[in-house]
file upload-v7.csv (CSV, C-alpha atoms)
chain,number,residue,atom,x,y,z
A,1,MET,CA,8.2,74.0,69.1
A,2,SER,CA,4.9,72.5,70.2
A,3,TYR,CA,2.0,71.5,68.0
A,4,VAL,CA,-1.8,71.3,68.6
A,5,PHE,CA,-1.5,67.6,67.6
A,6,PRO,CA,1.4,65.4,66.4
A,7,PRO,CA,2.5,66.2,62.8
A,8,ALA,CA,1.7,63.5,60.3
A,9,PRO,CA,4.5,61.0,59.7
A,10,VAL,CA,6.7,61.5,56.6
A,11,VAL,CA,5.5,59.5,53.6
A,12,ALA,CA,8.4,57.6,52.1
A,13,LEU,CA,9.3,54.8,49.6
A,14,PRO,CA,12.1,52.3,50.0
A,15,VAL,CA,15.1,52.8,47.6
A,16,ALA,CA,16.1,49.6,45.8
A,17,GLY,CA,19.4,48.2,46.9
A,18,ARG,CA,19.9,50.8,49.6
A,19,PRO,CA,18.9,51.4,53.2
A,20,ASP,CA,17.6,54.9,52.4
A,21,GLN,CA,14.1,56.0,52.1
A,22,PHE,CA,12.7,58.4,49.4
A,23,ALA,CA,10.6,61.0,51.3
A,24,VAL,CA,7.6,62.0,49.2
A,25,ARG,CA,6.7,65.7,48.8
A,26,ARG,CA,4.1,66.0,46.1
A,27,ILE,CA,2.6,63.7,43.5
A,28,TYR,CA,1.9,65.0,40.0
A,29,CYS,CA,0.2,62.9,37.3
A,30,VAL,CA,0.0,63.6,33.5
A,31,GLY,CA,-3.2,62.5,31.9
A,32,ARG,CA,-3.8,60.6,28.6
A,33,ASN,CA,-0.1,60.3,27.7
A,34,TYR,CA,-0.4,57.1,25.5
A,35,GLU,CA,-2.2,57.6,22.2
A,36,ALA,CA,-4.3,54.4,22.4
A,37,HIS,CA,-5.4,55.1,25.9
A,38,ALA,CA,-6.4,58.7,25.0
A,39,ARG,CA,-8.5,57.3,22.2
A,40,GLU,CA,-10.1,54.6,24.4
A,41,MET,CA,-11.1,57.5,26.7
A,42,GLY,CA,-12.7,59.4,23.8
A,43,HIS,CA,-10.0,62.0,23.0
A,44,ASP,CA,-7.8,62.9,20.1
A,45,PRO,CA,-4.2,63.0,21.5
A,46,GLU,CA,-2.9,64.9,18.4
A,47,ARG,CA,-4.7,68.0,19.5
A,48,GLU,CA,-3.9,68.0,23.2
A,49,PRO,CA,-0.9,69.5,25.1
A,50,PRO,CA,0.0,67.7,28.3
A,51,PHE,CA,-2.2,68.4,31.3
A,52,PHE,CA,-1.7,67.5,34.9
A,53,PHE,CA,-3.6,66.6,38.1
A,54,CYS,CA,-2.3,65.8,41.6
A,55,LYS,CA,-2.6,63.2,44.4
A,56,PRO,CA,-1.8,63.9,48.0
A,57,ALA,CA,1.4,62.4,49.3
A,58,ASP,CA,-0.5,60.4,51.9
A,59,ALA,CA,-2.4,58.5,49.1
A,60,VAL,CA,0.8,56.5,48.7
A,61,VAL,CA,0.7,52.8,49.5
A,62,PRO,CA,4.4,51.6,49.7
A,63,VAL,CA,4.8,48.1,48.3
A,64,ALA,CA,8.2,46.5,48.9
A,65,SER,CA,9.8,44.2,46.4
A,66,GLY,CA,8.6,40.7,46.7
A,67,VAL,CA,5.7,41.7,48.9
A,68,THR,CA,2.0,41.8,47.9
A,69,GLY,CA,0.5,45.2,48.9
A,70,GLU,CA,-3.1,45.9,49.6
A,71,PHE,CA,-5.5,48.3,48.0
A,72,PRO,CA,-8.7,48.8,50.1
A,73,TYR,CA,-11.7,49.2,47.7
A,74,PRO,CA,-13.1,52.7,48.3
A,75,SER,CA,-16.6,53.3,49.5
A,76,ARG,CA,-19.0,55.4,47.5
A,77,SER,CA,-17.8,53.9,44.2
A,78,ALA,CA,-19.0,51.0,42.1
A,79,GLU,CA,-16.4,51.2,39.3
A,80,VAL,CA,-12.7,51.5,40.3
A,81,HIS,CA,-10.1,51.1,37.6
A,82,PHE,CA,-6.4,50.2,37.5
A,83,GLU,CA,-3.9,52.4,35.6
A,84,MET,CA,-0.3,51.0,35.4
A,85,GLU,CA,2.4,53.7,35.2
A,86,LEU,CA,6.1,54.5,35.1
A,87,VAL,CA,6.8,57.0,37.9
A,88,VAL,CA,9.6,59.5,37.9
A,89,ALA,CA,11.2,60.4,41.3
A,90,ILE,CA,12.7,63.9,41.4
A,91,GLY,CA,16.0,64.5,43.1
A,92,ARG,CA,16.9,68.0,42.1
A,93,ALA,CA,14.9,71.2,42.3
A,94,GLY,CA,14.1,73.2,39.2
A,95,ARG,CA,11.6,75.4,37.4
A,96,GLU,CA,11.4,76.5,33.7
A,97,ILE,CA,13.6,73.5,33.0
A,98,ALA,CA,14.8,73.1,29.4
A,99,VAL,CA,14.0,69.7,27.8
A,100,GLU,CA,17.7,68.9,27.3
A,101,HIS,CA,18.4,69.3,31.0
A,102,ALA,CA,15.2,67.8,32.4
A,103,LEU,CA,16.6,64.3,33.0
A,104,ASP,CA,19.4,65.8,35.2
A,105,HIS,CA,16.6,66.4,37.8
A,106,VAL,CA,15.6,62.7,38.0
A,107,TYR,CA,16.7,60.7,41.0
A,108,GLY,CA,15.1,57.5,39.8
A,109,TYR,CA,12.1,55.6,38.6
A,110,ALA,CA,9.4,53.5,40.3
A,111,LEU,CA,6.3,51.4,39.4
A,112,GLY,CA,3.0,52.9,40.3
A,113,LEU,CA,-0.7,52.3,40.1
A,114,ASP,CA,-3.0,55.3,39.5
A,115,MET,CA,-6.1,53.9,41.0
A,116,THR,CA,-9.2,55.7,39.7
A,117,ARG,CA,-12.8,55.9,40.8
A,118,ARG,CA,-14.0,55.9,37.2
A,119,ASP,CA,-17.6,56.4,38.1
A,120,LEU,CA,-16.9,59.6,40.1
A,121,GLN,CA,-14.5,60.8,37.4
A,122,ALA,CA,-17.2,60.4,34.7
A,123,GLN,CA,-19.6,62.4,36.9
A,124,ALA,CA,-17.1,65.1,37.4
A,125,LYS,CA,-16.3,65.3,33.7
A,126,LYS,CA,-20.0,65.6,32.9
A,127,LEU,CA,-20.5,68.4,35.4
A,128,GLY,CA,-17.2,70.2,34.6
A,129,ARG,CA,-15.9,69.6,38.1
A,130,PRO,CA,-12.4,68.7,39.4
A,131,TRP,CA,-11.2,65.1,39.5
A,132,ASP,CA,-10.0,65.2,43.1
A,133,THR,CA,-12.4,62.6,44.6
A,134,ALA,CA,-11.8,60.3,41.6
A,135,LYS,CA,-8.0,60.5,41.7
A,136,GLY,CA,-6.8,61.7,45.1
A,137,PHE,CA,-8.7,59.4,47.4
A,138,ASP,CA,-7.0,57.4,50.2
A,139,HIS,CA,-4.7,54.6,49.1
A,140,SER,CA,-5.0,55.6,45.4
A,141,ALA,CA,-1.3,55.5,44.7
A,142,PRO,CA,0.3,52.1,45.3
A,143,LEU,CA,4.0,52.4,44.6
A,144,GLY,CA,7.0,50.1,44.4
A,145,PRO,CA,10.6,51.0,45.5
A,146,VAL,CA,12.5,53.8,43.8
A,147,HIS,CA,15.3,52.6,41.6
A,148,PRO,CA,18.1,55.2,41.3
A,149,VAL,CA,19.2,56.3,37.9
A,150,ALA,CA,22.7,55.3,38.9
A,151,GLN,CA,21.5,51.7,38.9
A,152,VAL,CA,18.9,51.5,36.1
A,153,GLY,CA,19.7,54.4,33.8
A,154,HIS,CA,17.0,56.5,32.1
A,155,LEU,CA,14.0,54.5,30.9
A,156,CYS,CA,13.3,55.7,27.4
A,157,GLN,CA,12.0,52.4,26.2
A,158,GLY,CA,10.9,49.0,27.5
A,159,ALA,CA,7.7,47.1,28.0
A,160,ILE,CA,5.1,48.4,30.5
A,161,TRP,CA,2.3,45.9,31.4
A,162,LEU,CA,-0.4,44.9,33.9
A,163,ASN,CA,-2.1,41.6,34.7
A,164,VAL,CA,-5.2,41.0,36.8
A,165,ASN,CA,-5.5,37.5,38.2
A,166,GLY,CA,-2.9,36.3,35.7
A,167,ALA,CA,-4.7,37.7,32.6
A,168,GLU,CA,-3.0,40.4,30.7
A,169,LYS,CA,-4.9,43.7,30.6
A,170,GLN,CA,-2.4,46.4,29.6
A,171,ARG,CA,0.8,46.2,27.5
A,172,ALA,CA,2.7,48.9,25.7
A,173,ASP,CA,6.2,50.3,25.5
A,174,VAL,CA,7.5,53.4,27.4
A,175,SER,CA,8.8,54.7,24.0
A,176,GLN,CA,5.2,55.2,23.1
A,177,LEU,CA,4.6,58.0,25.5
A,178,ILE,CA,3.2,61.0,23.7
A,179,TRP,CA,5.2,63.3,25.9
A,180,PRO,CA,8.4,61.5,27.0
A,181,VAL,CA,9.8,61.9,30.5
A,182,ALA,CA,12.1,64.9,29.6
A,183,GLU,CA,9.3,66.8,27.8
A,184,THR,CA,6.8,66.0,30.6
A,185,LEU,CA,9.1,67.4,33.2
A,186,ALA,CA,9.9,70.5,31.2
A,187,HIS,CA,6.2,71.2,30.8
A,188,LEU,CA,5.4,70.5,34.4
A,189,SER,CA,8.2,72.8,35.6
A,190,MET,CA,6.6,75.7,33.8
A,191,LEU,CA,3.6,75.3,36.1
A,192,PHE,CA,5.3,74.2,39.4
A,193,GLU,CA,8.8,74.4,40.8
A,194,LEU,CA,9.9,70.8,41.0
A,195,GLN,CA,11.5,69.8,44.3
A,196,PRO,CA,13.4,66.7,45.6
A,197,GLY,CA,10.8,64.2,46.8
A,198,ASP,CA,8.3,64.9,44.0
A,199,LEU,CA,6.8,62.0,42.1
A,200,VAL,CA,5.5,62.2,38.5
A,201,PHE,CA,3.1,59.6,37.2
A,202,THR,CA,3.8,59.6,33.4
A,203,GLY,CA,0.5,58.1,32.1
A,204,THR,CA,-1.1,54.7,31.5
A,205,PRO,CA,-1.4,52.5,28.3
A,206,GLU,CA,-4.7,51.4,26.9
A,207,GLY,CA,-6.6,48.5,28.5
A,208,VAL,CA,-7.7,50.1,31.8
A,209,GLY,CA,-10.5,48.3,33.5
A,210,ALA,CA,-12.4,47.7,36.7
A,211,ILE,CA,-11.3,45.6,39.6
A,212,VAL,CA,-13.2,44.0,42.5
A,213,PRO,CA,-12.2,42.9,46.0
A,214,GLY,CA,-10.1,39.7,45.8
A,215,ASP,CA,-8.4,40.7,42.5
A,216,LEU,CA,-4.6,40.5,42.3
A,217,MET,CA,-2.9,43.2,40.1
A,218,THR,CA,0.6,42.5,39.0
A,219,GLY,CA,2.5,45.0,36.8
A,220,GLY,CA,5.9,46.0,35.7
A,221,VAL,CA,8.2,48.0,33.5
A,222,ASP,CA,11.4,46.5,32.0
A,223,GLY,CA,14.3,47.2,34.3
A,224,LEU,CA,12.1,47.9,37.4
A,225,GLY,CA,10.8,44.4,38.3
A,226,GLU,CA,7.2,44.0,39.3
A,227,ILE,CA,4.6,45.4,41.7
A,228,SER,CA,1.9,43.2,43.1
A,229,VAL,CA,-1.2,44.5,44.8
A,230,ARG,CA,-4.4,42.7,46.0
A,231,VAL,CA,-7.8,44.5,46.2
A,232,VAL,CA,-9.3,44.0,49.6

call {"tool": "encode", "arguments": {"input": "upload-v7.csv", "output": "structure tokens"}}
result
Amino acid sequence: MSYVFPPAPVVALPVAGRPDQFAVRRIYCVGRNYEAHAREMGHDPEREPPFFFCKPADAVVPVASGVTGEFPYPSRSAEVHFEMELVVAIGRAGREIAVEHALDHVYGYALGLDMTRRDLQAQAKKLGRPWDTAKGFDHSAPLGPVHPVAQVGHLCQGAIWLNVNGAEKQRADVSQLIWPVAETLAHLSMLFELQPGDLVFTGTPEGVGAIVPGDLMTGGVDGLGEISVRVV
């Protein structure tokens, strides 16, 4: 088969401890999934079912263990925020998944940054428009290696944190997710058929804030090591 132009290369993440690569299919994100963060964004989490938005696969910036990745500061924005997240990597297809079976569809977990053009997001919210330009822009998803469940187990608790230039900005515990991983996947599978290669960002704790070129973001989740990304 011939193509008008060469197909885009496969977007993939390294798999911790293995030579394999995790090919990325889709990226889903759940919004406002920590109570304190929901409140800092002006919402009452007790009244909100989970909601989702997407990023394109080519927004991924793979960051290998022990390496400092780079996040190019996007043009047309004056306020870009960090959001540290636990990311779920899907390894088994499914739709209408029952909560008690949801974790069977997880291949592993990774560290991710949901970089957000907060100024464009605020404009979109005010006008009732989609968040695509605020969430799905180029390089908006720096991600560390995928850690298989066989190595790290299922992460139902453990600290999640982010430092900027050595100063702590975010800290919480994964157990504080409003919608835990299994429930998040069950809800998501009612809207989309999950497939191997899908990534699910599970939400960010409170403390999100702006970055500027030159800043160094370092974050982690217990059991998954750290991710380090410099703003350029």

call {"tool": "atom_distance", "arguments": {"input": "upload-v7.csv", "atom1": "atom CA of A:Gly214", "atom2": "atom CA of A:Ser228"}}
result
12.8 Å

call {"tool": "closest_residue", "arguments": {"input": "upload-v7.csv", "among": "A:Arg171, A:Arg117, A:Lys135, A:Lys125", "to": "A:Val60", "atoms": "only C-alpha atoms"}}
result
A:Lys135

call {"tool": "residues_near_point", "arguments": {"input": "upload-v7.csv", "point": "(-2.4, 62.0, 48.0)", "cutoff": "8 Å", "atoms": "all atoms listed in the file", "output": "PyMOL selection string"}}
result
chain A and resi 26-27+54-60+136-141

call {"tool": "atom_distance", "arguments": {"input": "upload-v7.csv", "atom1": "atom CA of A:Asp20", "atom2": "atom CA of A:Gly197"}}
result
12.8 Å

call {"tool": "residues_around", "arguments": {"input": "upload-v7.csv", "residues": "A:Gln176", "least_positions_apart": "2", "cutoff": "9 Å", "atoms": "only C-alpha atoms", "output": "PDB file with C-alpha atoms, in the coordinates of the input"}}
result
ATOM      1  CA  ASN A  33      -0.100  60.300  27.700  1.00  0.00           C
ATOM      2  CA  TYR A  34      -0.400  57.100  25.500  1.00  0.00           C
ATOM      3  CA  GLU A  35      -2.200  57.600  22.200  1.00  0.00           C
ATOM      4  CA  GLN A 157      12.000  52.400  26.200  1.00  0.00           C
ATOM      5  CA  ALA A 172       2.700  48.900  25.700  1.00  0.00           C
ATOM      6  CA  ASP A 173       6.200  50.300  25.500  1.00  0.00           C
ATOM      7  CA  VAL A 174       7.500  53.400  27.400  1.00  0.00           C
ATOM      8  CA  ILE A 178       3.200  61.000  23.700  1.00  0.00           C
ATOM      9  CA  TRP A 179       5.200  63.300  25.900  1.00  0.00           C
ATOM     10  CA  PRO A 180       8.400  61.500  27.000  1.00  0.00           C
ATOM     11  CA  PRO A 205      -1.400  52.500  28.300  1.00  0.00           C
TER      12      PRO A 205
END

call {"tool": "atom_distance", "arguments": {"input": "upload-v7.csv", "atom1": "atom CA of A:Pro213", "atom2": "atom CA of A:Tyr73"}}
result
6.5 Å

call {"tool": "residues_near_point", "arguments": {"input": "upload-v7.csv", "point": "(-9.5, 59.7, 36.7)", "cutoff": "7 Å", "atoms": "all atoms listed in the file", "output": "tab-separated table (two decimals) with C-alpha atoms, in the coordinates of the input"}}
result
chain	number	residue	atom	x	y	z
A	116	THR	CA	-9.20	55.70	39.70
A	117	ARG	CA	-12.80	55.90	40.80
A	118	ARG	CA	-14.00	55.90	37.20
A	121	GLN	CA	-14.50	60.80	37.40
A	131	TRP	CA	-11.20	65.10	39.50
A	134	ALA	CA	-11.80	60.30	41.60
A	135	LYS	CA	-8.00	60.50	41.70

call {"tool": "closest_residue", "arguments": {"input": "upload-v7.csv", "among": "A:Ser189, A:Val63, A:Asp114, A:Asp119", "to": "A:Ser75", "atoms": "all atoms listed in the file"}}
result
A:Asp119

call {"tool": "closest_residue", "arguments": {"input": "upload-v7.csv", "among": "A:Pro6, A:Gly209, A:Pro145, A:Gly203", "to": "A:Gly225", "atoms": "all atoms listed in the file"}}
result
A:Pro145

call {"tool": "closest_residue", "arguments": {"input": "upload-v7.csv", "among": "A:Glu183, A:Leu86, A:Pro196, A:Leu216", "to": "A:Ala98", "atoms": "only C-alpha atoms"}}
result
A:Glu183

call {"tool": "residues_around", "arguments": {"input": "upload-v7.csv", "residues": "A:Leu194", "least_positions_apart": "4", "cutoff": "12 Å", "atoms": "all atoms listed in the file", "output": "PDB file with C-alpha atoms, in the frame of the given file"}}
result
ATOM      1  CA  ARG A  25       6.700  65.700  48.800  1.00  0.00           C
ATOM      2  CA  ARG A  26       4.100  66.000  46.100  1.00  0.00           C
ATOM      3  CA  ILE A  27       2.600  63.700  43.500  1.00  0.00           C
ATOM      4  CA  TYR A  28       1.900  65.000  40.000  1.00  0.00           C
ATOM      5  CA  VAL A  88       9.600  59.500  37.900  1.00  0.00           C
ATOM      6  CA  ALA A  89      11.200  60.400  41.300  1.00  0.00           C
ATOM      7  CA  ILE A  90      12.700  63.900  41.400  1.00  0.00           C
ATOM      8  CA  GLY A  91      16.000  64.500  43.100  1.00  0.00           C
ATOM      9  CA  ARG A  92      16.900  68.000  42.100  1.00  0.00           C
ATOM     10  CA  ALA A  93      14.900  71.200  42.300  1.00  0.00           C
ATOM     11  CA  GLY A  94      14.100  73.200  39.200  1.00  0.00           C
ATOM     12  CA  ARG A  95      11.600  75.400  37.400  1.00  0.00           C
ATOM     13  CA  GLU A  96      11.400  76.500  33.700  1.00  0.00           C
ATOM     14  CA  ILE A  97      13.600  73.500  33.000  1.00  0.00           C
ATOM     15  CA  ALA A 102      15.200  67.800  32.400  1.00  0.00           C
ATOM     16  CA  HIS A 105      16.600  66.400  37.800  1.00  0.00           C
ATOM     17  CA  VAL A 106      15.600  62.700  38.000  1.00  0.00           C
ATOM     18  CA  THR A 184       6.800  66.000  30.600  1.00  0.00           C
ATOM     19  CA  LEU A 185       9.100  67.400  33.200  1.00  0.00           C
ATOM     20  CA  ALA A 186       9.900  70.500  31.200  1.00  0.00           C
ATOM     21  CA  HIS A 187       6.200  71.200  30.800  1.00  0.00           C
ATOM     22  CA  LEU A 188       5.400  70.500  34.400  1.00  0.00           C
ATOM     23  CA  SER A 189       8.200  72.800  35.600  1.00  0.00           C
ATOM     24  CA  MET A 190       6.600  75.700  33.800  1.00  0.00           C
ATOM     25  CA  ASP A 198       8.300  64.900  44.000  1.00  0.00           C
ATOM     26  CA  LEU A 199       6.800  62.000  42.100  1.00  0.00           C
ATOM     27  CA  VAL A 200       5.500  62.200  38.500  1.00  0.00           C
TER      28      VAL A 200
END

call {"tool": "closest_residue", "arguments": {"input": "upload-v7.csv", "among": "A:Val181, A:Met115, A:Val87, A:Pro62", "to": "A:Leu103", "atoms": "all atoms listed in the file"}}
result
A:Val181
